[in-house]
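Data block for input_2.txt (compact mmCIF, C-alpha atoms):
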# COMPACT_ATOMS: atom_id res chain seq x y z
CA MET A 1 -4.80 -28.71 38.04
CA GLY A 2 -5.98 -26.39 40.83
CA SER A 3 -4.05 -23.15 41.35
CA ASN A 4 -1.28 -24.41 39.08
CA ARG A 5 -3.44 -24.32 35.96
CA PHE A 6 -1.46 -23.17 32.94
CA LEU A 7 -3.65 -20.10 32.60
CA SER A 8 -5.15 -18.95 35.87
CA ALA A 9 -7.13 -15.73 35.58
CA ASN A 10 -4.43 -13.69 37.31
CA ALA A 11 -1.61 -15.18 35.22
CA LEU A 12 -3.58 -14.50 32.06
CA MET A 13 -4.04 -10.84 32.95
CA GLU A 14 -0.28 -10.40 33.26
CA LYS A 15 0.65 -11.74 29.82
CA ASP A 16 1.44 -9.09 27.22
CA TYR A 17 -0.05 -11.07 24.37
CA PHE A 18 -3.49 -11.23 26.02
CA ASP A 19 -5.84 -8.25 26.04
CA VAL A 20 -8.66 -8.78 28.54
CA GLU A 21 -11.58 -6.42 27.88
CA PRO A 22 -14.28 -7.06 30.50
CA ILE A 23 -16.65 -4.34 29.27
CA SER A 24 -17.09 -6.23 25.98
CA ARG A 25 -16.71 -9.61 27.73
CA ARG A 26 -13.91 -10.65 25.38
CA ILE A 27 -10.25 -11.64 25.41
CA LYS A 28 -7.96 -10.92 22.47
CA VAL A 29 -5.05 -13.34 22.05
CA TYR A 30 -2.24 -11.93 19.89
CA GLU A 31 0.20 -14.81 20.43
CA LEU A 32 -0.85 -18.41 20.97
CA PRO A 33 0.28 -19.86 24.30
CA GLU A 34 3.13 -22.35 24.05
CA ASN A 35 2.04 -25.89 23.14
CA MET A 36 -1.50 -24.77 22.37
CA ASN A 37 -3.78 -27.81 22.36
CA GLU A 38 -7.21 -28.94 23.53
CA GLU A 39 -6.15 -28.95 27.18
CA ARG A 40 -4.71 -25.45 26.92
CA MET A 41 -7.91 -24.26 25.26
CA LYS A 42 -9.97 -25.65 28.14
CA GLU A 43 -7.73 -23.79 30.59
CA LEU A 44 -8.19 -20.62 28.56
CA ASP A 45 -11.98 -21.15 28.51
CA THR A 46 -11.96 -21.52 32.31
CA ALA A 47 -9.82 -18.42 32.83
CA ALA A 48 -12.12 -16.43 30.51
CA ALA A 49 -15.22 -17.59 32.40
CA GLU A 50 -13.63 -16.48 35.69
CA MET A 51 -13.45 -12.98 34.23
CA ASN A 52 -16.98 -13.09 32.81
CA CYS A 53 -15.68 -13.16 29.23
CA ASP A 54 -17.51 -15.35 26.72
CA LYS A 55 -15.68 -14.55 23.49
CA LEU A 56 -12.07 -15.44 22.68
CA ILE A 57 -10.45 -13.76 19.69
CA PHE A 58 -7.26 -15.18 18.17
CA TYR A 59 -4.97 -13.21 15.86
CA VAL A 60 -2.88 -15.79 14.01
CA ARG A 61 -0.48 -15.62 11.10
CA ALA A 62 -2.24 -16.64 7.92
CA GLN A 63 -1.49 -20.01 6.32
CA THR A 64 0.66 -21.23 9.21
CA ASP A 65 0.37 -23.94 11.86
CA GLU A 66 -1.19 -21.31 14.13
CA GLU A 67 -4.21 -21.03 11.87
CA GLU A 68 -4.60 -24.80 11.68
CA ILE A 69 -4.37 -25.14 15.47
CA VAL A 70 -7.13 -22.65 16.30
CA ARG A 71 -9.35 -24.06 13.59
CA GLU A 72 -8.99 -27.54 15.04
CA LEU A 73 -9.88 -26.13 18.47
CA SER A 74 -13.33 -25.01 17.30
CA ALA A 75 -12.51 -21.38 16.58
CA LYS A 76 -14.37 -19.81 13.65
CA LEU A 77 -12.82 -17.51 11.05
CA GLU A 78 -14.28 -14.00 11.29
CA GLY A 79 -11.92 -11.95 9.16
CA GLU A 80 -8.42 -10.80 8.31
CA ILE A 81 -6.06 -7.85 8.51
CA LYS A 82 -3.39 -8.01 5.83
CA GLY A 83 0.03 -6.93 7.02
CA PHE A 84 -0.92 -6.81 10.72
CA PHE A 85 2.12 -8.73 12.03
CA ARG A 86 4.92 -6.49 10.70
CA GLY A 87 3.87 -7.12 7.14
CA GLU A 88 2.59 -10.67 7.66
CA ASP A 89 -1.11 -11.22 7.12
CA THR A 90 -3.26 -12.19 10.08
CA LYS A 91 -6.48 -14.17 10.24
CA ILE A 92 -8.90 -13.44 13.05
CA TYR A 93 -10.67 -16.41 14.64
CA ALA A 94 -13.28 -16.37 17.38
CA LYS A 95 -14.47 -18.93 19.87
CA TYR A 96 -17.78 -18.33 21.65
CA LEU A 97 -18.17 -19.79 25.12
CA ASP A 98 -21.85 -18.79 24.93
CA PRO A 99 -23.38 -19.90 21.60
CA ASP A 100 -26.08 -17.22 21.93
CA ARG A 101 -23.40 -14.61 21.37
CA ASN A 102 -22.58 -15.99 17.93
CA GLN A 103 -25.62 -14.41 16.26
CA PRO A 104 -24.76 -11.96 13.43
CA ASP A 105 -26.84 -8.80 13.12
CA SER A 106 -28.97 -8.82 9.97
CA LYS A 107 -28.77 -5.01 9.87
CA ASN A 108 -25.09 -4.99 8.84
CA VAL A 109 -24.76 -2.30 6.15
CA ILE A 110 -21.69 -3.77 4.44
CA SER A 111 -23.53 -5.14 1.39
CA ARG A 112 -25.03 -1.70 0.72
CA VAL A 113 -21.69 0.04 1.22
CA ARG A 114 -19.92 -2.28 -1.20
CA GLU A 115 -22.50 -1.52 -3.88
CA LEU A 116 -21.67 2.20 -3.77
CA ASP A 117 -19.19 3.83 -6.14
CA LEU A 118 -16.86 5.58 -3.72
CA THR A 119 -13.85 5.88 -6.03
CA SER A 120 -14.75 9.36 -7.26
CA HIS A 121 -15.04 10.76 -3.74
CA THR A 122 -12.79 13.74 -3.07
CA ILE A 123 -12.13 15.52 0.21
CA LYS A 124 -12.24 19.30 0.21
CA GLU A 125 -8.91 20.88 1.02
CA GLY A 126 -8.74 22.34 4.50
CA LEU A 127 -11.37 22.82 7.16
CA GLN A 128 -14.13 25.39 6.90
CA GLU A 129 -13.54 28.78 8.48
CA GLY A 130 -13.95 28.68 12.26
CA TYR A 131 -12.71 25.08 12.62
CA THR A 132 -9.28 24.06 13.91
CA MET A 133 -7.63 20.66 14.22
CA THR A 134 -5.15 19.88 16.99
CA TRP A 135 -3.46 16.91 18.66
CA GLY A 136 -4.95 15.86 21.98
CA LYS A 137 -2.88 16.61 25.11
CA GLU A 138 -3.15 15.68 28.78
CA ASP A 139 -4.61 19.02 29.83
CA GLN A 140 -7.57 18.33 27.48
CA ALA A 141 -8.35 14.92 29.01
CA GLU A 142 -11.38 16.06 31.02
CA GLU A 143 -12.82 17.91 28.04
CA MET A 144 -12.22 14.85 25.83
CA ALA A 145 -13.87 12.55 28.36
CA ASN A 146 -16.95 14.79 28.53
CA PHE A 147 -17.11 14.90 24.74
CA TYR A 148 -17.15 11.10 24.47
CA LYS A 149 -19.61 10.83 27.36
CA SER A 150 -22.04 13.07 25.48
CA ILE A 151 -22.01 10.74 22.46
CA PHE A 152 -21.62 7.18 23.77
CA SER A 153 -23.71 5.80 26.61
CA LYS A 154 -21.80 2.51 26.20
CA TYR A 155 -18.22 2.07 25.00
CA PRO A 156 -15.69 -0.81 24.92
CA THR A 157 -13.15 1.14 27.00
CA PRO A 158 -13.61 3.59 29.93
CA ILE A 159 -13.05 6.56 27.63
CA HIS A 160 -15.51 8.60 29.73
CA GLU A 161 -12.81 8.84 32.42
CA PRO A 162 -10.14 11.57 32.15
CA ASP A 163 -7.53 9.40 33.90
CA TYR A 164 -8.00 6.70 31.28
CA ILE A 165 -7.50 9.21 28.46
CA VAL A 166 -4.29 10.43 30.11
CA LYS A 167 -3.13 6.81 30.29
CA MET A 168 -3.90 6.38 26.58
CA LEU A 169 -2.02 9.55 25.65
CA ASN A 170 1.02 8.17 27.50
CA ASP A 171 0.67 4.75 25.89
CA ASN A 172 1.12 5.27 22.15
CA VAL A 173 -2.38 6.61 21.42
CA HIS A 174 -2.58 9.76 19.30
CA PHE A 175 -5.83 11.77 19.32
CA SER A 176 -6.90 14.20 16.63
CA LEU A 177 -9.42 16.84 17.77
CA ILE A 178 -11.47 19.34 15.79
CA TYR A 179 -12.73 22.45 17.60
CA HIS A 180 -15.50 24.87 16.71
CA ASP A 181 -16.70 27.76 18.88
CA GLY A 182 -14.25 26.74 21.60
CA LYS A 183 -15.44 23.14 22.00
CA ILE A 184 -14.51 19.72 20.66
CA VAL A 185 -16.94 18.75 17.90
CA SER A 186 -15.12 15.76 16.39
CA ALA A 187 -12.33 13.40 17.43
CA CYS A 188 -10.61 10.15 16.55
CA SER A 189 -7.42 8.36 17.50
CA ALA A 190 -4.71 6.02 16.29
CA ASP A 191 -3.69 3.34 18.79
CA ILE A 192 -0.21 2.02 17.98
CA PHE A 193 0.72 -1.64 18.40
CA SER A 194 4.46 -1.07 18.18
CA ASP A 195 5.33 -4.78 18.50
CA TYR A 196 3.48 -5.42 15.25
CA GLY A 197 4.05 -2.21 13.30
CA ALA A 198 0.29 -1.64 13.13
CA ALA A 199 -2.13 0.97 14.42
CA GLU A 200 -5.89 1.02 14.92
CA PHE A 201 -8.10 3.92 13.89
CA THR A 202 -10.58 4.14 16.73
CA ASP A 203 -12.54 6.41 19.08
CA CYS A 204 -14.14 8.17 16.09
CA ALA A 205 -17.00 10.49 17.00
CA THR A 206 -18.65 13.72 15.88
CA LEU A 207 -21.34 15.72 17.68
CA PRO A 208 -24.73 15.16 15.97
CA ALA A 209 -25.08 18.81 14.93
CA TYR A 210 -21.75 18.67 13.08
CA ARG A 211 -22.18 15.40 11.18
CA GLY A 212 -22.25 15.35 7.39
CA GLN A 213 -19.46 17.92 7.07
CA GLY A 214 -16.64 15.45 6.47
CA LEU A 215 -14.83 16.23 9.72
CA LEU A 216 -13.63 12.66 10.25
CA SER A 217 -12.58 12.53 6.60
CA HIS A 218 -10.13 15.35 7.40
CA GLN A 219 -8.75 13.59 10.45
CA TYR A 220 -8.15 10.16 8.91
CA PRO A 221 -5.44 11.37 6.47
CA THR A 222 -3.80 13.46 9.21
CA LEU A 223 -3.53 10.47 11.52
CA GLN A 224 -2.44 8.26 8.65
CA GLU A 225 0.45 10.56 7.74
CA LYS A 226 1.56 10.67 11.36
CA MET A 227 1.52 6.87 11.50
CA LYS A 228 3.62 6.67 8.32
CA ASP A 229 6.13 9.08 9.88
CA LEU A 230 6.31 6.78 12.91
CA GLY A 231 7.05 3.74 10.75
CA ILE A 232 3.62 2.10 10.96
CA LYS A 233 3.00 -0.31 8.08
CA THR A 234 -0.69 -1.18 8.50
CA MET A 235 -3.73 0.76 9.65
CA TYR A 236 -6.97 -0.99 10.58
CA SER A 237 -10.33 -0.14 12.05
CA TYR A 238 -13.31 -1.91 13.62
CA THR A 239 -16.43 -0.08 12.47
CA ARG A 240 -19.94 -0.48 13.85
CA ALA A 241 -21.70 -2.79 11.39
CA ILE A 242 -24.95 -0.79 11.58
CA SER A 243 -23.29 2.60 10.92
CA MET A 244 -23.65 3.52 7.26
CA GLY A 245 -21.69 6.74 7.71
CA MET A 246 -18.62 5.24 9.41
CA ASN A 247 -18.38 2.32 6.98
CA ILE A 248 -18.62 4.72 4.01
CA ILE A 249 -15.94 7.02 5.47
CA THR A 250 -13.56 4.11 6.01
CA ALA A 251 -14.14 2.78 2.49
CA GLN A 252 -13.63 6.27 1.04
CA GLN A 253 -10.25 6.46 2.78
CA GLY A 254 -9.04 3.46 0.77
CA PHE A 255 -9.51 0.77 3.39
CA THR A 256 -10.35 -2.82 2.40
CA TYR A 257 -13.18 -4.74 4.05
CA GLY A 258 -11.78 -7.68 6.02
CA GLY A 259 -14.82 -9.40 7.55
CA CYS A 260 -17.21 -9.03 10.47
CA MET A 261 -16.63 -9.68 14.17
CA VAL A 262 -19.95 -10.83 15.63
CA GLN A 263 -21.32 -9.27 18.85
CA ASN A 264 -17.85 -7.93 19.42
CA SER A 265 -17.94 -4.56 21.15
CA MET A 266 -20.05 -2.98 23.88
CA ILE A 267 -21.06 0.25 22.19
CA GLY A 268 -24.21 2.17 21.34
CA THR A 269 -27.09 -0.30 21.70
CA GLY A 270 -25.07 -2.98 23.54
CA LEU A 271 -22.89 -5.73 22.11
CA GLU A 272 -22.62 -4.89 18.41
CA ASP A 273 -21.08 -6.48 15.32
CA MET A 274 -17.96 -4.71 14.07
CA ASN A 275 -16.75 -4.66 10.47
CA ILE A 276 -13.00 -5.02 9.95
CA TRP A 277 -11.24 -2.60 7.60
CA TYR A 278 -7.51 -2.41 6.86
CA LYS A 279 -5.04 -0.44 4.77
CA GLN A 280 -1.36 -1.07 4.18
CA LEU A 281 0.62 2.17 4.15
What is this file in structure tokens?
Amino acid sequence: MGSNRFLSANALMEKDYFDVEPISRRIKVYELPENMNEERMKELDTAAAEMNCDKLIFYVRAQTDEEEIVRELSAKLEGEIKGFFRGEDTKIYAKYLDPDRNQPDSKNVISRVRELDLTSHTIKEGLQEGYTMTWGKEDQAEEMANFYKSIFSKYPTPIHEPDYIVKMLNDNVHFSLIYHDGKIVSACSADIFSDYGAAEFTDCATLPAYRGQGLLSHQYPTLQEKMKDLGIKTMYSYTRAISMGMNIITAQQGFTYGGCMVQNSMIGTGLEDMNIWYKQL
């Protein structure tokens, strides 16, 4: 089809329902292209390869023709987020252009986390003396970028760059920051998908010396209440499958495990599996 292919790389980049993430070599598809069929999938495969992406992720409405279509086109079910599409449940399917990428990590902690009794967990009221929690603002972008740079050598987004953080702050991303002794010691964010009435808990990090104090456990409820005030119906999170602490925190906050996305995000050691968690507000 030459330059008139249904999905050239440039045309794909411009579509709102595609999220091309070259760092993690993946493309997220939130709406199936019109008349999705085997030919369309081949065009999508070609466009992905042009951008050095070897994983396609499809968010489709559960128990609909969409789910049947992607299944017939060799996509594999990886998980679900209930209520993601303005209250409608979504199933998450993946297609791997490189079979070597479809290799789950045996060190996933989810089985151990699910064996724990986390129902009796309570969060202490208020932060300890000397700690303050604020909302991130543009004039803190450089400080925020340096904070993330000190923790993550690899990350799915260019969060080490102040300009990117400013862009996020202006694009429906709300950051919660905890300070101690005049510096950021913990942070996380809620990234709003206003078209779907959903928001992602993400960018969670705490300096090593301050871990184990429940700082993220204070920020989750704060962000959650803000999302409720903004009319968000569903919160979800992708948590590093090898991180016992982050999976426990998410479970303690009342989130439900929704599956595992294999070799999904460039973070920490490289491409890592991410566990899906969701909570309907």
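Using only C-alpha atoms, the smallest distance between any of A:Arg61, A:Lys82, A:His180, A:Arg71 and Gly259 of chain A comes from A:Lys82.
If you look at atom CA of Tyr96 of chain A and atom CA of Ile69 of chain A, they are 16.3 Å away from each other.
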Just the number, please: distance in Å from atom CA of Tyr155 of chain A to atom CA of Gln263 of chain A, one decimal.
13.3 Å
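Among the candidate residues A:Trp135, A:Tyr148, A:Tyr278, A:Phe58, the one lying nearest to Phe255 of chain A is A:Tyr278, with distances computed using all atoms listed in the file.
Taking only C-alpha atoms, the non-local environment of Gln253 of chain A within 9 Å (same-chain residues fewer than 4 positions away omitted) comprises A:Ser217, A:Tyr220, A:Pro221, A:Ile248, A:Ile249, A:Lys279.
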Considering all atoms listed in the file, return as a compact mmCIF listing (two decimals) with C-alpha atoms, in the coordinates of the input whatever protein or nucleic-acid residues lie within 12 Å of Ser24 of chain A, sequence-local ones (same chain, fewer than 5 positions apart) excluded.
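Output file out_18.txt follows:
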# COMPACT_ATOMS: atom_id res chain seq x y z
CA ASP A 19 -5.84 -8.25 26.04
CA MET A 51 -13.45 -12.98 34.23
CA ASN A 52 -16.98 -13.09 32.81
CA CYS A 53 -15.68 -13.16 29.23
CA ASP A 54 -17.51 -15.35 26.72
CA LYS A 55 -15.68 -14.55 23.49
CA LEU A 56 -12.07 -15.44 22.68
CA ILE A 57 -10.45 -13.76 19.69
CA ARG A 101 -23.40 -14.61 21.37
CA LYS A 154 -21.80 2.51 26.20
CA TYR A 155 -18.22 2.07 25.00
CA PRO A 156 -15.69 -0.81 24.92
CA THR A 157 -13.15 1.14 27.00
CA PRO A 158 -13.61 3.59 29.93
CA VAL A 262 -19.95 -10.83 15.63
CA GLN A 263 -21.32 -9.27 18.85
CA ASN A 264 -17.85 -7.93 19.42
CA SER A 265 -17.94 -4.56 21.15
CA MET A 266 -20.05 -2.98 23.88
CA ILE A 267 -21.06 0.25 22.19
CA GLY A 268 -24.21 2.17 21.34
CA GLY A 270 -25.07 -2.98 23.54
CA LEU A 271 -22.89 -5.73 22.11
CA GLU A 272 -22.62 -4.89 18.41
CA ASP A 273 -21.08 -6.48 15.32
Please tabulate, as JSON lines, the residues of segment 154-250 of chain A that come within 10 Å of segment 127-132 of chain A, each with its closest pair of atoms and the distance in Å to one decimal, counting all atoms listed in the file and ordering rows by chain, then residue number upward.
{"residue": "A:Leu177", "atom": "CA", "partner": "A:Thr132", "partner_atom": "CA", "distance": 8.2}
{"residue": "A:Ile178", "atom": "CA", "partner": "A:Thr132", "partner_atom": "CA", "distance": 5.5}
{"residue": "A:Tyr179", "atom": "CA", "partner": "A:Thr132", "partner_atom": "CA", "distance": 5.3}
{"residue": "A:His180", "atom": "CA", "partner": "A:Tyr131", "partner_atom": "CA", "distance": 5.0}
{"residue": "A:Asp181", "atom": "CA", "partner": "A:Gly130", "partner_atom": "CA", "distance": 7.2}
{"residue": "A:Gly182", "atom": "CA", "partner": "A:Tyr131", "partner_atom": "CA", "distance": 9.3}
{"residue": "A:Lys183", "atom": "CA", "partner": "A:Tyr131", "partner_atom": "CA", "distance": 10.0}
{"residue": "A:Ile184", "atom": "CA", "partner": "A:Thr132", "partner_atom": "CA", "distance": 9.6}
{"residue": "A:Val185", "atom": "CA", "partner": "A:Tyr131", "partner_atom": "CA", "distance": 9.3}
{"residue": "A:Gln213", "atom": "CA", "partner": "A:Gln128", "partner_atom": "CA", "distance": 9.2}
{"residue": "A:Gly214", "atom": "CA", "partner": "A:Leu127", "partner_atom": "CA", "distance": 9.1}
{"residue": "A:Leu215", "atom": "CA", "partner": "A:Leu127", "partner_atom": "CA", "distance": 7.9}
{"residue": "A:His218", "atom": "CA", "partner": "A:Leu127", "partner_atom": "CA", "distance": 7.6}
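Nearest residue to Thr202 of chain A, choosing from A:Glu161, A:Gly79, A:Met133, A:Trp277 and counting only C-alpha atoms: A:Trp277.
Across the structure, atom CA of Glu200 of chain A and atom CA of Phe175 of chain A are spaced 11.6 Å apart.
Each of A:Ala241, A:Ile165, A:Cys188, A:Ile81 was compared to Ala205 of chain A using all atoms listed in the file, and A:Cys188 turns out to be the nearest.
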Which residues are close to Asn247 of chain A, i.e. within 12 Å by all atoms listed in the file, leaving aside same-chain residues fewer than 2 positions away? Reply as a PyMOL selection string.
chain A and resi 108-114+116+118+204+216-217+237-245+249-257+260+274-278
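Between Glu72 of chain A and the candidates A:Thr134, A:Asn37, A:Thr90, A:Ser106, the tightest atom-to-atom separation, counting only C-alpha atoms, involves A:Asn37.
Residues within 12 Å of Asp139 of chain A, counting all atoms listed in the file and excluding same-chain residues fewer than 2 positions away, are Trp135, Gly136, Lys137, Ala141, Glu142, Glu143, Met144, Ala145, Pro162, Asp163, Ile165, Val166 and Leu169 of chain A.
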Near-segment 150-153 of chain A list (7 Å; all atoms listed in the file; drop same-chain fewer than 3 positions) as a list in words
Asn146, Phe147, Leu207 and Gly268 of chain A
